[in-house]
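Student: This is the structure I want to talk about, given as structure tokens.
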Amino acid sequence: MPRAVHVLAFGIFAMVTSEFVVAGLMPQMAAGLGVTVPQIGYLITVFALSMALGGPLLSVALLRLPPKTALMVLFPLFLAGNVLAATASGYPAMVVARIITGVASQAFFGVAISLGSQLTRPEVRGRAVAVILNGLMLGTLLGLPLATLTGERYGWRAAFWAISALTAAAALCTLIGVGRTDRPEGSGTFRAELTAFRAPRLWLTLLTSTMVIGATFSAFSYLNPILTQVTGFSPGTVPLLLLTYGAATVIGNTVVGRLADRHTLPVLLTGLSLNALFLAGFALLARFDVGAVLCMLGIGLVGVTMNPALVTRVQRVGNARPLVNTVHSSFITFGVVLGSALGGLGLDRFGLRAPLWLGAALAVTGLLTLVPDLLRRTGRGACPRTTSNGTATTPLANSEHRAPTPLHPG
């Protein structure tokens with residue numbers, strides 16, 4: 001795997017740490033800015049909506065730039081947002097800071113995934129995406145606890161200064177560790193990038209990603225109260241349980257990355273099925289500590305870890321260019337918003353187990369979005385045909401199991 005792919009993961013790690021830091025420092029930030037804890041919670045929503053809506057617009061503005069140049073534009077923008085957060089004198093300034101960092105973060109995700117695909121051979125692009133997205137998993141596993149610890153010991157502003165330093169380090173590593181790259185062939189104009197979105201199948205594929213992430217975050221957003229108020233764990237035990245959950249996501253992401261290129265659809269079918277079972281099992285076994293923990297770890301293994309397969313599927317149906325990847329990231333972010341919002345509504349009306357049942361329902365909905373591809377795969381069967389170079393192949397080999405089209409010669 002090229003060194004540059006690991007460097008891109010470092011950048012993702014910085015972005016994700018900034019995204020999650022507010023969740024770990026709500027009381028301190030509320031006291032420091034003179035607002036309520038729910039108002040600080042809205043900063044998470046602002047960040048997510050900025051990612052989902054603003055990220056694609058910023059990607060359009062950067063279309064004509066080579067990927068590395070685009071990243072080196074996004075780093076200073078993201079850094080400025082974090083510095084503004086660290087120096088914010090009031091709540092409005094913090095809202096602006098979160099909008100800036102949210103927009104820059106989403107655009108960075110799209111460009112980084114596109115660049116990682118451009119830097120690797122088609123047959124290992126799923127694995128490359130998994131390496132890049134390990135930055136996301138490690139941000140959850142390590143970035144959030146470290147930022148929270150920094151904020152608790154030195155004040156919440158210190159956490160944003162630490163993220164600013166991390167961002168600067170990631171920018172320097174990218175400048176040194178990522179070679180110069182040209183724009184992918186066929187990209188560079190808004191009209192050319194929009195061509196991929198004319199295919200209805202792409203929109204259904206994007207919807208699958210929303211359901212996968214929504215199912216997981218319906219549960220993840222409320223793990224703390226479920227584990228303490230239903231299962232009966234002490235508040236001090238929950239961080240350790242979340243640490244094991246984060247470790248499970250790292251393992252699952254690595255395994256899925258290994259399988260995503262050759263077995264994209266079976267991986268998603270298996271992952272969604274297991275996630276539905278683990279979510280339903282968690283709801284049924286929430287009062288039993290062993291059963292609850294095992295189901296929670298199962299969700300960690302097959303939830304957000306489907307990302308490499310989701311990205312591979314979207315790139316094959318659409319393309320591997322920045323705009324498609326950024327829009328895909330927006331649909332993933334919509335999944336976070338959908339899952340947490342529906343989970344909250346269910347919790348208010350039906351109790352703490354409701355987010356788990358809703359998550360299972362979203363996972364089943366995700367399975368339904370796979371039906372057209374499954375029918376297409378079954379209908380095509382294994383009727384062989386011969387390519388121009390005389391190699392026997394099947395329609396299946398040229399759909400779910402083929403590698404994405406290279407972005408440029410060589």
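Identifiers in the structure tokens: chain A, B, ... in order shown; residue index from 1 per chain; ligand index from 1 in order shown.
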For Asn134 of chain A, find every residue with an atom within 12 Å (counting only C-alpha atoms), except residues of its own chain fewer than 2 positions away, and show them as a PyMOL selection string.

Tutor: chain A and resi 5-14+16+113+127-132+136-143+246-257+304-308

Student: Kindly export the residues of the current selection with N, CA and C atoms, as a compact mmCIF listing (two decimals), in the first residue's frame.

Tutor:
# COMPACT_ATOMS: atom_id res chain seq x y z
N VAL A 5 -1.30 6.72 1.15
CA VAL A 5 -2.61 6.28 1.64
C VAL A 5 -2.68 6.40 3.16
N HIS A 6 -1.59 6.03 3.84
CA HIS A 6 -1.55 6.15 5.30
C HIS A 6 -1.52 7.61 5.72
N VAL A 7 -0.88 8.46 4.94
CA VAL A 7 -0.85 9.89 5.23
C VAL A 7 -2.26 10.47 5.15
N LEU A 8 -3.03 10.03 4.15
CA LEU A 8 -4.41 10.50 4.02
C LEU A 8 -5.25 10.07 5.23
N ALA A 9 -4.97 8.89 5.77
CA ALA A 9 -5.67 8.42 6.97
C ALA A 9 -5.39 9.35 8.16
N PHE A 10 -4.17 9.88 8.23
CA PHE A 10 -3.81 10.82 9.29
C PHE A 10 -4.66 12.08 9.19
N GLY A 11 -4.86 12.56 7.98
CA GLY A 11 -5.71 13.73 7.79
C GLY A 11 -7.15 13.46 8.22
N ILE A 12 -7.68 12.29 7.86
CA ILE A 12 -9.03 11.91 8.27
C ILE A 12 -9.12 11.84 9.80
N PHE A 13 -8.08 11.32 10.43
CA PHE A 13 -8.04 11.22 11.90
C PHE A 13 -8.21 12.60 12.53
N ALA A 14 -7.50 13.60 11.99
CA ALA A 14 -7.62 14.96 12.53
C ALA A 14 -9.03 15.50 12.35
N VAL A 16 -11.90 13.83 12.06
CA VAL A 16 -12.87 13.12 12.89
C VAL A 16 -12.73 13.51 14.36
N ILE A 113 -10.55 10.21 -0.39
CA ILE A 113 -10.93 8.89 -0.88
C ILE A 113 -10.69 8.78 -2.38
N ARG A 127 -9.23 -2.05 -0.32
CA ARG A 127 -8.29 -2.12 0.80
C ARG A 127 -7.70 -0.74 1.10
N ALA A 128 -7.43 0.03 0.05
CA ALA A 128 -6.91 1.38 0.24
C ALA A 128 -7.93 2.26 0.97
N VAL A 129 -9.19 2.15 0.56
CA VAL A 129 -10.25 2.90 1.24
C VAL A 129 -10.33 2.51 2.71
N ALA A 130 -10.17 1.23 3.00
CA ALA A 130 -10.21 0.76 4.39
C ALA A 130 -9.08 1.38 5.20
N VAL A 131 -7.89 1.48 4.61
CA VAL A 131 -6.76 2.10 5.31
C VAL A 131 -7.06 3.56 5.59
N ILE A 132 -7.59 4.26 4.58
CA ILE A 132 -7.91 5.68 4.77
C ILE A 132 -8.97 5.83 5.85
N LEU A 136 -10.88 7.29 10.42
CA LEU A 136 -12.19 7.50 11.04
C LEU A 136 -12.35 6.61 12.27
N MET A 137 -11.99 5.35 12.14
CA MET A 137 -12.15 4.43 13.27
C MET A 137 -11.23 4.82 14.43
N LEU A 138 -9.99 5.19 14.11
CA LEU A 138 -9.05 5.58 15.16
C LEU A 138 -9.44 6.91 15.79
N GLY A 139 -10.11 7.76 15.01
CA GLY A 139 -10.61 9.01 15.58
C GLY A 139 -11.63 8.73 16.66
N THR A 140 -12.47 7.71 16.43
CA THR A 140 -13.46 7.30 17.42
C THR A 140 -12.78 6.61 18.60
N LEU A 141 -11.80 5.75 18.30
CA LEU A 141 -11.15 4.94 19.33
C LEU A 141 -10.20 5.76 20.19
N LEU A 142 -9.39 6.63 19.56
CA LEU A 142 -8.33 7.34 20.28
C LEU A 142 -8.52 8.86 20.31
N GLY A 143 -8.94 9.41 19.16
CA GLY A 143 -9.02 10.87 19.06
C GLY A 143 -10.00 11.48 20.04
N GLY A 246 -14.86 0.69 19.95
CA GLY A 246 -13.98 1.31 18.96
C GLY A 246 -12.96 0.32 18.40
N ALA A 247 -12.43 -0.54 19.28
CA ALA A 247 -11.49 -1.55 18.81
C ALA A 247 -12.16 -2.52 17.84
N ALA A 248 -13.43 -2.85 18.12
CA ALA A 248 -14.17 -3.74 17.22
C ALA A 248 -14.35 -3.09 15.85
N THR A 249 -14.57 -1.77 15.80
CA THR A 249 -14.73 -1.10 14.51
C THR A 249 -13.45 -1.13 13.70
N VAL A 250 -12.31 -0.99 14.38
CA VAL A 250 -11.02 -1.05 13.68
C VAL A 250 -10.82 -2.44 13.07
N ILE A 251 -11.12 -3.48 13.84
CA ILE A 251 -10.97 -4.85 13.34
C ILE A 251 -11.93 -5.09 12.17
N GLY A 252 -13.18 -4.73 12.36
CA GLY A 252 -14.16 -4.95 11.31
C GLY A 252 -13.83 -4.19 10.03
N ASN A 253 -13.37 -2.95 10.16
CA ASN A 253 -13.01 -2.16 9.00
C ASN A 253 -11.87 -2.81 8.22
N THR A 254 -10.90 -3.36 8.93
CA THR A 254 -9.77 -4.02 8.27
C THR A 254 -10.22 -5.27 7.52
N VAL A 255 -11.07 -6.07 8.15
CA VAL A 255 -11.57 -7.29 7.51
C VAL A 255 -12.40 -6.96 6.27
N VAL A 256 -13.32 -6.01 6.41
CA VAL A 256 -14.17 -5.63 5.28
C VAL A 256 -13.32 -5.06 4.14
N GLY A 257 -12.29 -4.30 4.48
CA GLY A 257 -11.39 -3.77 3.46
C GLY A 257 -10.72 -4.86 2.64
N VAL A 304 -20.55 0.58 11.06
CA VAL A 304 -19.83 1.57 10.24
C VAL A 304 -18.68 0.93 9.47
N THR A 305 -18.31 -0.27 9.85
CA THR A 305 -17.20 -0.96 9.18
C THR A 305 -17.55 -1.39 7.76
N MET A 306 -18.82 -1.25 7.37
CA MET A 306 -19.20 -1.54 5.98
C MET A 306 -18.73 -0.45 5.02
N ASN A 307 -18.18 0.63 5.55
CA ASN A 307 -17.79 1.77 4.71
C ASN A 307 -16.92 1.41 3.50
N PRO A 308 -15.86 0.59 3.65
CA PRO A 308 -15.06 0.25 2.46
C PRO A 308 -15.87 -0.40 1.35

Student: Taking 3 positions as the minimum chain separation for residues in the same chain, which residues sit within 12 Å of segment 79-87 of chain A when counting only C-alpha atoms? Answer as an NGL selection string.

Tutor: :A and (11 or 14-15 or 17-19 or 21-22 or 29 or 32-33 or 43 or 47 or 72-76 or 90-105 or 151 or 155-171)

Student: Save the residues we just selected, N, CA and C atoms, as a short mmCIF file (atom, residue, chain, number, x, y, z; two decimals), in the first residue's frame?

Tutor:
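The result, written out as part.cif:
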data_model
loop_
_atom_site.label_atom_id
_atom_site.label_comp_id
_atom_site.auth_asym_id
_atom_site.auth_seq_id
_atom_site.Cartn_x
_atom_site.Cartn_y
_atom_site.Cartn_z
N GLY A 11 -4.86 12.56 7.98
CA GLY A 11 -5.71 13.73 7.79
C GLY A 11 -7.15 13.46 8.22
N ALA A 14 -7.50 13.60 11.99
CA ALA A 14 -7.62 14.96 12.53
C ALA A 14 -9.03 15.50 12.35
N MET A 15 -9.62 15.26 11.18
CA MET A 15 -10.97 15.76 10.91
C MET A 15 -11.99 15.12 11.86
N THR A 17 -11.49 13.70 14.80
CA THR A 17 -11.28 14.12 16.19
C THR A 17 -11.96 15.46 16.45
N SER A 18 -11.87 16.37 15.49
CA SER A 18 -12.54 17.67 15.62
C SER A 18 -14.05 17.51 15.61
N GLU A 19 -14.54 16.59 14.77
CA GLU A 19 -15.98 16.38 14.67
C GLU A 19 -16.57 15.91 15.99
N VAL A 21 -15.19 16.06 19.15
CA VAL A 21 -14.70 16.64 20.40
C VAL A 21 -15.81 17.32 21.20
N VAL A 22 -16.78 17.92 20.53
CA VAL A 22 -17.85 18.61 21.25
C VAL A 22 -18.64 17.64 22.13
N MET A 29 -17.92 23.28 27.77
CA MET A 29 -18.17 24.28 26.74
C MET A 29 -19.41 25.12 27.07
N GLY A 32 -18.29 27.58 29.66
CA GLY A 32 -17.37 28.57 29.11
C GLY A 32 -18.02 29.57 28.18
N LEU A 33 -19.04 29.15 27.44
CA LEU A 33 -19.71 30.03 26.48
C LEU A 33 -20.99 30.63 27.03
N LEU A 43 -24.45 22.16 18.28
CA LEU A 43 -23.22 22.33 17.51
C LEU A 43 -22.88 21.04 16.75
N PHE A 47 -22.59 20.88 12.69
CA PHE A 47 -21.43 20.30 12.03
C PHE A 47 -21.88 19.26 11.00
N MET A 72 -4.43 20.72 0.10
CA MET A 72 -3.64 21.78 0.71
C MET A 72 -4.40 23.10 0.79
N VAL A 73 -5.52 23.19 0.09
CA VAL A 73 -6.44 24.31 0.28
C VAL A 73 -7.36 24.04 1.46
N LEU A 74 -7.78 22.80 1.59
CA LEU A 74 -8.72 22.44 2.65
C LEU A 74 -8.09 22.46 4.04
N PHE A 75 -6.84 22.08 4.14
CA PHE A 75 -6.18 22.07 5.45
C PHE A 75 -6.19 23.45 6.11
N PRO A 76 -5.76 24.51 5.43
CA PRO A 76 -5.81 25.83 6.08
C PRO A 76 -7.22 26.27 6.47
N GLY A 90 -17.93 33.78 22.02
CA GLY A 90 -19.34 33.53 22.30
C GLY A 90 -19.89 32.42 21.44
N TYR A 91 -21.15 32.10 21.66
CA TYR A 91 -21.79 31.00 20.96
C TYR A 91 -21.88 31.22 19.44
N PRO A 92 -22.24 32.42 18.96
CA PRO A 92 -22.31 32.63 17.50
C PRO A 92 -20.99 32.34 16.80
N ALA A 93 -19.88 32.76 17.39
CA ALA A 93 -18.58 32.48 16.78
C ALA A 93 -18.30 30.99 16.73
N MET A 94 -18.75 30.26 17.76
CA MET A 94 -18.54 28.82 17.77
C MET A 94 -19.38 28.15 16.68
N VAL A 95 -20.58 28.65 16.45
CA VAL A 95 -21.42 28.11 15.38
C VAL A 95 -20.73 28.29 14.03
N VAL A 96 -20.18 29.48 13.79
CA VAL A 96 -19.47 29.75 12.54
C VAL A 96 -18.27 28.81 12.41
N ALA A 97 -17.56 28.61 13.51
CA ALA A 97 -16.39 27.71 13.49
C ALA A 97 -16.79 26.30 13.10
N ARG A 98 -17.91 25.83 13.64
CA ARG A 98 -18.35 24.47 13.33
C ARG A 98 -18.83 24.34 11.89
N ILE A 99 -19.42 25.40 11.36
CA ILE A 99 -19.83 25.38 9.95
C ILE A 99 -18.60 25.27 9.06
N ILE A 100 -17.58 26.07 9.34
CA ILE A 100 -16.35 26.06 8.53
C ILE A 100 -15.69 24.69 8.58
N THR A 101 -15.53 24.15 9.78
CA THR A 101 -14.84 22.85 9.90
C THR A 101 -15.68 21.73 9.31
N GLY A 102 -17.00 21.81 9.44
CA GLY A 102 -17.86 20.77 8.87
C GLY A 102 -17.78 20.72 7.36
N VAL A 103 -17.86 21.89 6.71
CA VAL A 103 -17.78 21.95 5.25
C VAL A 103 -16.43 21.46 4.77
N ALA A 104 -15.36 21.94 5.40
CA ALA A 104 -14.00 21.54 4.98
C ALA A 104 -13.78 20.05 5.21
N SER A 105 -14.30 19.52 6.31
CA SER A 105 -14.10 18.11 6.63
C SER A 105 -14.75 17.21 5.59
N GLY A 151 -9.24 18.37 27.16
CA GLY A 151 -10.19 19.40 27.55
C GLY A 151 -10.51 19.39 29.03
N GLY A 155 -8.79 22.58 29.98
CA GLY A 155 -9.83 23.46 29.50
C GLY A 155 -10.24 23.11 28.07
N TRP A 156 -11.51 23.37 27.74
CA TRP A 156 -12.02 22.94 26.44
C TRP A 156 -11.33 23.64 25.29
N ARG A 157 -10.85 24.87 25.51
CA ARG A 157 -10.15 25.57 24.42
C ARG A 157 -8.84 24.86 24.07
N ALA A 158 -8.20 24.26 25.07
CA ALA A 158 -6.94 23.53 24.82
C ALA A 158 -7.18 22.36 23.88
N ALA A 159 -8.36 21.75 23.96
CA ALA A 159 -8.66 20.62 23.07
C ALA A 159 -8.68 21.09 21.61
N PHE A 160 -9.27 22.27 21.35
CA PHE A 160 -9.29 22.78 19.98
C PHE A 160 -7.90 23.23 19.53
N TRP A 161 -7.09 23.74 20.46
CA TRP A 161 -5.71 24.07 20.08
C TRP A 161 -4.93 22.81 19.75
N ALA A 162 -5.17 21.75 20.51
CA ALA A 162 -4.49 20.48 20.23
C ALA A 162 -4.90 19.94 18.86
N ILE A 163 -6.18 20.05 18.51
CA ILE A 163 -6.65 19.62 17.19
C ILE A 163 -6.05 20.50 16.10
N SER A 164 -5.88 21.78 16.39
CA SER A 164 -5.24 22.67 15.42
C SER A 164 -3.80 22.23 15.14
N ALA A 165 -3.09 21.87 16.22
CA ALA A 165 -1.71 21.37 16.04
C ALA A 165 -1.71 20.06 15.26
N LEU A 166 -2.68 19.19 15.55
CA LEU A 166 -2.79 17.92 14.83
C LEU A 166 -3.06 18.17 13.35
N THR A 167 -3.90 19.15 13.06
CA THR A 167 -4.21 19.50 11.67
C THR A 167 -2.97 20.00 10.95
N ALA A 168 -2.20 20.86 11.61
CA ALA A 168 -0.97 21.37 11.00
C ALA A 168 0.01 20.24 10.72
N ALA A 169 0.10 19.28 11.65
CA ALA A 169 1.00 18.15 11.44
C ALA A 169 0.53 17.29 10.27
N ALA A 170 -0.77 17.07 10.16
CA ALA A 170 -1.31 16.29 9.04
C ALA A 170 -1.08 16.99 7.72
N ALA A 171 -1.21 18.32 7.71
CA ALA A 171 -0.96 19.09 6.49
C ALA A 171 0.50 18.97 6.06
#

Student: So what do you get for atom CA of Leu146 of chain A versus atom CA of Leu240 of chain A, distance-wise?

Tutor: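 Atom CA of Leu146 of chain A sits 13.5 Å away from atom CA of Leu240 of chain A.
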
Student: With the cut-off set at 12 Å and counting only C-alpha atoms, tabulate each residue of segment 21-118 of chain A with an atom at most that distance from an atom of segment 210-221 of chain A, showing the nearest atom pair and its distance in Å to one decimal, ordered by chain and increasing number, as CSV.

Tutor:
residue,atom,partner,partner_atom,distance
A:Ala23,CA,A:Ser221,CA,10.3
A:Ile44,CA,A:Ser221,CA,11.7
A:Ala52,CA,A:Thr210,CA,11.6

Student: Hey, can you spit out that residue selection with N, CA, C and O atoms as a PDB file, in the first residue's frame?

Tutor:
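Output file again25.pdb follows:
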ATOM      1  N   ALA A  23     -18.855  16.421  21.627  1.00  0.00           N
ATOM      2  CA  ALA A  23     -19.629  15.431  22.381  1.00  0.00           C
ATOM      3  C   ALA A  23     -18.974  15.102  23.717  1.00  0.00           C
ATOM      4  O   ALA A  23     -19.667  14.788  24.693  1.00  0.00           O
ATOM      5  N   ILE A  44     -23.250  19.891  17.305  1.00  0.00           N
ATOM      6  CA  ILE A  44     -23.032  18.614  16.616  1.00  0.00           C
ATOM      7  C   ILE A  44     -23.919  18.539  15.382  1.00  0.00           C
ATOM      8  O   ILE A  44     -23.492  18.124  14.304  1.00  0.00           O
ATOM      9  N   ALA A  52     -22.982  17.633   5.322  1.00  0.00           N
ATOM     10  CA  ALA A  52     -23.864  17.031   4.322  1.00  0.00           C
ATOM     11  C   ALA A  52     -24.214  18.000   3.204  1.00  0.00           C
ATOM     12  O   ALA A  52     -24.268  17.615   2.027  1.00  0.00           O
TER      13      ALA A  52
END

Student: Can you tell me which residues surround segment 351-367 of chain A at a distance of at most 8 Å, considering only C-alpha atoms, apart from same-chain residues fewer than 5 positions away, and format the answer as a ChimeraX atom specification?

Tutor: /A:207-209,211-212,214-219,222,225-226,230,269,272-273,275-277,279-280,282-283,286,339,342-344,346

Student: Between atom CA of Ala196 of chain A and atom CA of Gly116 of chain A, what is the distance in Å, rounded to a tenth?

Tutor: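 Separation of atom CA of Ala196 of chain A and atom CA of Gly116 of chain A: 19.6 Å.
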
Student: Could you pull the residues within 12 Å of Pro239 of chain A, counting only C-alpha atoms, minus those fewer than 5 positions along the same chain, as a compact mmCIF listing (two decimals) with N, CA, C and O atoms, in the first residue's frame?

Tutor:
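As a result, around_24.txt now contains:
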# COMPACT_ATOMS: atom_id res chain seq x y z
N GLY A 24 -17.64 15.18 23.80
CA GLY A 24 -16.94 14.84 25.02
C GLY A 24 -16.76 15.99 25.99
O GLY A 24 -16.33 15.78 27.12
N THR A 140 -12.47 7.71 16.43
CA THR A 140 -13.46 7.30 17.42
C THR A 140 -12.78 6.61 18.60
O THR A 140 -13.13 6.86 19.76
N LEU A 141 -11.80 5.75 18.30
CA LEU A 141 -11.15 4.94 19.33
C LEU A 141 -10.20 5.76 20.19
O LEU A 141 -10.19 5.63 21.42
N LEU A 142 -9.39 6.63 19.56
CA LEU A 142 -8.33 7.34 20.28
C LEU A 142 -8.52 8.86 20.31
O LEU A 142 -8.28 9.50 21.32
N LEU A 144 -11.21 10.92 20.11
CA LEU A 144 -12.22 11.46 21.03
C LEU A 144 -11.78 11.36 22.49
O LEU A 144 -11.84 12.36 23.22
N PRO A 145 -11.30 10.20 22.99
CA PRO A 145 -10.87 10.14 24.39
C PRO A 145 -9.72 11.08 24.70
O PRO A 145 -9.70 11.72 25.75
N THR A 148 -10.97 14.66 24.74
CA THR A 148 -11.77 14.86 25.95
C THR A 148 -10.88 14.98 27.17
O THR A 148 -11.10 15.86 28.04
N LEU A 149 -9.86 14.13 27.26
CA LEU A 149 -8.93 14.19 28.39
C LEU A 149 -8.19 15.53 28.41
O LEU A 149 -8.03 16.15 29.47
N LEU A 223 -25.81 4.71 23.31
CA LEU A 223 -25.19 3.60 24.03
C LEU A 223 -25.00 3.92 25.51
O LEU A 223 -25.21 3.06 26.38
N ASN A 224 -24.61 5.15 25.82
CA ASN A 224 -24.33 5.50 27.21
C ASN A 224 -25.56 5.31 28.09
O ASN A 224 -25.51 4.57 29.09
N LEU A 227 -26.61 1.51 28.29
CA LEU A 227 -25.73 0.66 29.09
C LEU A 227 -25.82 0.96 30.58
O LEU A 227 -25.64 0.06 31.41
N THR A 228 -26.09 2.22 30.93
CA THR A 228 -26.16 2.57 32.36
C THR A 228 -27.55 2.36 32.93
O THR A 228 -27.70 1.79 34.02
N PHE A 233 -24.67 -0.91 33.97
CA PHE A 233 -23.26 -0.64 34.16
C PHE A 233 -23.08 0.72 34.84
O PHE A 233 -23.90 1.63 34.66
N SER A 234 -22.01 0.85 35.59
CA SER A 234 -21.72 2.14 36.22
C SER A 234 -21.20 3.12 35.18
O SER A 234 -20.62 2.71 34.16
N THR A 244 -13.74 -0.67 23.81
CA THR A 244 -13.79 -1.99 23.15
C THR A 244 -14.64 -1.94 21.89
O THR A 244 -14.34 -2.61 20.90
N TYR A 245 -15.69 -1.13 21.92
CA TYR A 245 -16.51 -0.93 20.72
C TYR A 245 -15.65 -0.33 19.61
O TYR A 245 -15.71 -0.77 18.45
N GLY A 246 -14.86 0.69 19.95
CA GLY A 246 -13.98 1.31 18.96
C GLY A 246 -12.96 0.32 18.40
O GLY A 246 -12.67 0.33 17.20
